[in-house]
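Take a look at the structure below.
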Amino acid sequence: MGLGQGAVEDLVSRVSAPFNNFYAGKRVLVTGHTGFKGAWLSLWLKELGAVVFGASLLPPTQPNLYELIAEEVFEHDALCDVRDLNAVLKVIETVRPDVIFHLAAQPLVRRSYAEPLETLQTNVLGTANVLEAVRRLGLPCAVLVVTTDKCYENPETGRAQIETDPLGGHDIYSASKACAELVVQSWRKSFFQTDAKLGPVATARAGNVIGGGDYAADRIVPDCIRALMSKQPIHVRNPAAVRPWQHVLECCSGYLCLAARLACEGKSSPMNGAFNFGPDEDARRTVGEVVTEILRHWPGEFHSTPPTVALHEAKLLWLSAEKAKQQLGWRPVWSFADAVSRTVAWYQQHETGREEMMDFTREQIAAYVADAHTKRLDWASNGAEVR
Ligand SMILES: NC(=O)c1ccc[n+]([C@@H]2O[C@H](COP(=O)([O-])OP(=O)(O)OC[C@H]3O[C@@H](n4cnc5c(N)ncnc54)[C@H](O)[C@@H]3O)[C@@H](O)[C@H]2O)c1
């Protein structure tokens with residue numbers, strides 16, 4: 001299943017300096033590095049030559065991607081609760097990062113119903129603590145705060161949400177991320193814009209992310225994989241719900257593009273704001289379609305099983321990525337079918353050869369970068385400017 005070392009090096013050599021080589025040698029702090037997206041982002045940063053630091057709680061699931069990559073990726077990683085300002089201050093003061101990617105969060109809608117205060121403390125106060133620590137330390141680093149497509153009020157009209165649409169949130173998770181957006185706006189206006197010592201800060205809103213290494217509860221792909229591994233039928237709560245599905249490398253490429261531009265251009269740049277990173281129309285699919293596509297690669301059966309307790313879940317989420325396309329030159333690389341097949345391939349490989357997962361994951365990053373290069377995306381072009 002693996003490409004082998006030579007093939008990986010060949011893929012990598014086709015793109016010598018993604019993101020205009022911005023990350024080589026940079027000190028980068030990733031909060032939430034023990035989670036699904038944080039682990040992928042950290043590995044990619046390491047591939048780009050960054051010196052990568054992590055700050056999080058322990059991995060939220062067992063198994064997880066973090067433990068497969070940690071030894072080779074992190075210069076140092078700290079156990080740090082973002083709800084604790086002193087702990088956050090200590091980590092940021094020690095690392096003195098050039099760039100911070102803030103991903104640490106309680107990211108699950110259903111858990112936010114069970115743990116509403118913990119969700120707010122982690123997602124809202126945690127974001128404020130990261131920004132406050134940077135402010136108190138007077139650091140010029142660029143900060144990228146990861147929120148979600150669920151931060152919008154979302155009247156479910158079928159129109160794609162744009163960055164200037166009203167923030168909102170029916171459930172606690174969505175509201176917590178809308179609040180995190182407001183926290184960023186107010187810290188930017190009150191402190192970051194006015195204090196010459198401080199750097200720029202942006203937010204990134206991405207949709208439903210799929211990819212290998214996600215084992216979270218109540219997410220459709222991990223639910224499918226758990227059922228398939230144990231040869232049980234897949235039970236699907238809301239097969240008709242429509243979501244913007246994208247591979248984890250799509251949003252990571254958006255985060256990397258945005259943070260590089262932010263750091264290079266500083267706080268007078270238009271990058272100093274909010275950006276959506278959503279897939280193309282092709283990936284606007286129902287949950288049922290995702291399951292059917294997974295079953296093409298890993299045969300099994302699925303049933304529609306309405307939940308015993310019906311919690312509100314949006315029927316339709318859709319994001320416009322026009323701003324990222326226009327201002328960053330960012331575009332999705334993989335089709336919906338590619339995203340699902342790469343995702344299933346990762347879990348199938350994990351079933352058979354855990355010891356090779358670091359290389360297998362690196363190969364998926366290299367293949368994604370090579371495909372971006374073939375599609376002539378600016379960030380993946382040799383020697384091109386970052387945009
Ligand atoms: N996965 C998705 O589909 C998706 C979609 C949109 C947005 N997001 C956002 O992306 C980010 C990462 O999501 P994920 O899917 O990787 O989640 P995850 O659950 O896999 O990882 C969450 C990370 O946050 C850390 N964390 C949780 N509480 C913490 C605390 N109090 N202090 C320090 N660290 C803490 C965990 O240890 C872990 O490292 C989150 O901000 C999430 O809201 C995810």
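By order in the structure tokens, chains are A, B, ...; within a chain, residues start at 1; ligands start at 1, following the order shown.
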Inset, instruction - All residues within 8 Å of ligand 1 are required, counting only C-alpha atoms and all ligand atoms; please report them as an NGL selection string. - result: :A and (31-39 or 55-61 or 79-83 or 102-108 or 121-123 or 126 or 145-150 or 177 or 205-210 or 214-216 or 219 or 248)
Inset, instruction - Please report, as a PyMOL selection string, each residue of segment 73-124 of chain A to which DSSP assigns helix (DSSP H, G or I) when run on this structure's backbone. - result: chain A and resi 73+85-95+109-114+116-124
Written selection (N, CA and C atoms) as a short mmCIF file (atom, residue, chain, number, x, y, z; two decimals), in the first residue's frame:
data_model
loop_
_atom_site.label_atom_id
_atom_site.label_comp_id
_atom_site.auth_asym_id
_atom_site.auth_seq_id
_atom_site.Cartn_x
_atom_site.Cartn_y
_atom_site.Cartn_z
N VAL A 73 8.25 14.32 15.27
CA VAL A 73 7.75 15.63 14.83
C VAL A 73 8.06 16.78 15.80
N LEU A 85 -4.56 30.28 32.29
CA LEU A 85 -3.74 31.34 31.68
C LEU A 85 -2.26 31.19 32.02
N ASN A 86 -1.96 30.86 33.29
CA ASN A 86 -0.54 30.76 33.67
C ASN A 86 0.17 29.65 32.91
N ALA A 87 -0.54 28.53 32.69
CA ALA A 87 0.07 27.44 31.93
C ALA A 87 0.32 27.87 30.49
N VAL A 88 -0.63 28.59 29.91
CA VAL A 88 -0.48 29.05 28.51
C VAL A 88 0.67 30.06 28.42
N LEU A 89 0.71 30.97 29.40
CA LEU A 89 1.80 31.96 29.42
C LEU A 89 3.17 31.28 29.46
N LYS A 90 3.26 30.25 30.31
CA LYS A 90 4.55 29.56 30.49
C LYS A 90 5.00 28.92 29.17
N VAL A 91 4.07 28.25 28.50
CA VAL A 91 4.43 27.58 27.23
C VAL A 91 4.85 28.62 26.19
N ILE A 92 4.06 29.66 26.03
CA ILE A 92 4.35 30.63 24.96
C ILE A 92 5.64 31.39 25.27
N GLU A 93 5.86 31.67 26.55
CA GLU A 93 7.10 32.37 26.92
C GLU A 93 8.33 31.49 26.63
N THR A 94 8.19 30.19 26.89
CA THR A 94 9.31 29.27 26.65
C THR A 94 9.57 29.10 25.15
N VAL A 95 8.50 28.93 24.38
CA VAL A 95 8.66 28.64 22.94
C VAL A 95 9.04 29.90 22.17
N VAL A 109 -20.24 18.61 18.76
CA VAL A 109 -21.55 19.21 19.02
C VAL A 109 -22.29 18.43 20.11
N ARG A 110 -22.34 17.11 19.98
CA ARG A 110 -23.13 16.33 20.95
C ARG A 110 -22.54 16.42 22.35
N ARG A 111 -21.21 16.43 22.43
CA ARG A 111 -20.61 16.55 23.77
C ARG A 111 -20.88 17.93 24.38
N SER A 112 -21.06 18.93 23.51
CA SER A 112 -21.32 20.28 24.04
C SER A 112 -22.68 20.34 24.75
N TYR A 113 -23.61 19.44 24.38
CA TYR A 113 -24.88 19.37 25.11
C TYR A 113 -24.66 18.76 26.50
N ALA A 114 -23.74 17.80 26.58
CA ALA A 114 -23.48 17.14 27.86
C ALA A 114 -22.56 17.98 28.75
N PRO A 116 -21.75 21.69 28.60
CA PRO A 116 -21.80 23.04 28.02
C PRO A 116 -20.78 24.01 28.61
N LEU A 117 -20.58 23.95 29.93
CA LEU A 117 -19.66 24.93 30.53
C LEU A 117 -18.22 24.62 30.18
N GLU A 118 -17.87 23.34 30.19
CA GLU A 118 -16.51 22.96 29.81
C GLU A 118 -16.23 23.37 28.37
N THR A 119 -17.25 23.21 27.50
CA THR A 119 -17.08 23.59 26.08
C THR A 119 -16.82 25.09 25.97
N LEU A 120 -17.60 25.89 26.72
CA LEU A 120 -17.40 27.34 26.66
C LEU A 120 -16.05 27.74 27.25
N GLN A 121 -15.71 27.10 28.37
CA GLN A 121 -14.43 27.47 29.00
C GLN A 121 -13.26 27.16 28.06
N THR A 122 -13.29 25.98 27.46
CA THR A 122 -12.17 25.59 26.59
C THR A 122 -12.14 26.45 25.32
N ASN A 123 -13.31 26.58 24.68
CA ASN A 123 -13.32 27.20 23.35
C ASN A 123 -13.29 28.73 23.40
N VAL A 124 -13.90 29.31 24.42
CA VAL A 124 -13.95 30.78 24.48
C VAL A 124 -12.81 31.31 25.35
#
Legend entry - Within 9 Å of Val28 of chain A using only C-alpha atoms, minus same-chain residues under 4 positions, as a ChimeraX atom specification: /A:23,42,45,50-54,95-101
Inset, instruction - Do a neighbour search on Phe275 of chain A at 8 Å with only C-alpha atoms, toss out local chain neighbours closer than 2 positions, and write the hits as a PyMOL selection string. - result: chain A and resi 163+202-205+273+277+321+323-324
Inset, instruction - Using only C-alpha atoms, pick whichever of A:Arg362, A:Ala24, A:Glu71, A:Glu351 has the shortest atom-to-atom distance to Ser230 of chain A. - result: A:Glu351
Legend entry - Contact residues around segment 294-308 of chain A with only C-alpha atoms at 12 Å, ignoring same-chain residues under 6 positions, as an MDAnalysis selection string: chainID A and resid 110 210:211 218 220:241 287:288 336:348
Inset, instruction - Check the smallest atom-to-atom distance from each of A:Val183, A:Leu167, A:Val143, A:Ala178 to Val30 of chain A using only C-alpha atoms, then report the winner. - result: A:Val143
Inset, instruction - Just the residues within 8 Å of segment 266-270 of chain A, please, counting only C-alpha atoms, with nothing from its chain fewer than 2 positions along; format it as a list of chain:residue names. - result: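 That gives A:Ala142, A:Gln193, A:Gly199, A:Pro200, A:Val201, A:Leu262, A:Ala263, A:Cys264, A:Asn272, A:Gly273.
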Legend entry - Those in segment 186-296 of chain A with strand (DSSP E) from DSSP, as a PyMOL selection string: chain A and resi 201-206+208-210+234-236+242-247+274-277+284-286
Go ahead and write the residues just picked, C-alpha atoms, as a PDB file, in the first residue's frame.
ATOM      1  CA  VAL A 201      -4.291  37.569  14.139  1.00  0.00           C
ATOM      2  CA  ALA A 202      -6.727  35.775  11.810  1.00  0.00           C
ATOM      3  CA  THR A 203      -9.457  33.153  12.098  1.00  0.00           C
ATOM      4  CA  ALA A 204     -10.129  30.175   9.833  1.00  0.00           C
ATOM      5  CA  ARG A 205     -13.557  28.605   9.387  1.00  0.00           C
ATOM      6  CA  ALA A 206     -13.594  25.150   7.788  1.00  0.00           C
ATOM      7  CA  ASN A 208     -16.655  18.854   8.000  1.00  0.00           C
ATOM      8  CA  VAL A 209     -13.215  17.396   7.824  1.00  0.00           C
ATOM      9  CA  ILE A 210     -12.398  13.791   7.019  1.00  0.00           C
ATOM     10  CA  ILE A 234     -23.228   1.252  10.368  1.00  0.00           C
ATOM     11  CA  HIS A 235     -26.002   3.192  12.129  1.00  0.00           C
ATOM     12  CA  VAL A 236     -26.508   6.654  10.630  1.00  0.00           C
ATOM     13  CA  VAL A 242     -25.933  18.038   3.904  1.00  0.00           C
ATOM     14  CA  ARG A 243     -22.356  19.028   4.779  1.00  0.00           C
ATOM     15  CA  PRO A 244     -19.304  20.462   2.986  1.00  0.00           C
ATOM     16  CA  TRP A 245     -16.913  17.481   3.219  1.00  0.00           C
ATOM     17  CA  GLN A 246     -13.197  17.993   2.779  1.00  0.00           C
ATOM     18  CA  HIS A 247      -9.994  16.120   3.438  1.00  0.00           C
ATOM     19  CA  ALA A 274     -11.644  35.774   8.931  1.00  0.00           C
ATOM     20  CA  PHE A 275     -11.394  33.219   6.101  1.00  0.00           C
ATOM     21  CA  ASN A 276     -13.622  30.324   5.073  1.00  0.00           C
ATOM     22  CA  PHE A 277     -11.981  27.175   3.715  1.00  0.00           C
ATOM     23  CA  ARG A 284     -21.693  19.169  -0.952  1.00  0.00           C
ATOM     24  CA  ARG A 285     -23.084  15.759  -0.051  1.00  0.00           C
ATOM     25  CA  THR A 286     -25.467  14.126   2.365  1.00  0.00           C
TER      26      THR A 286
END
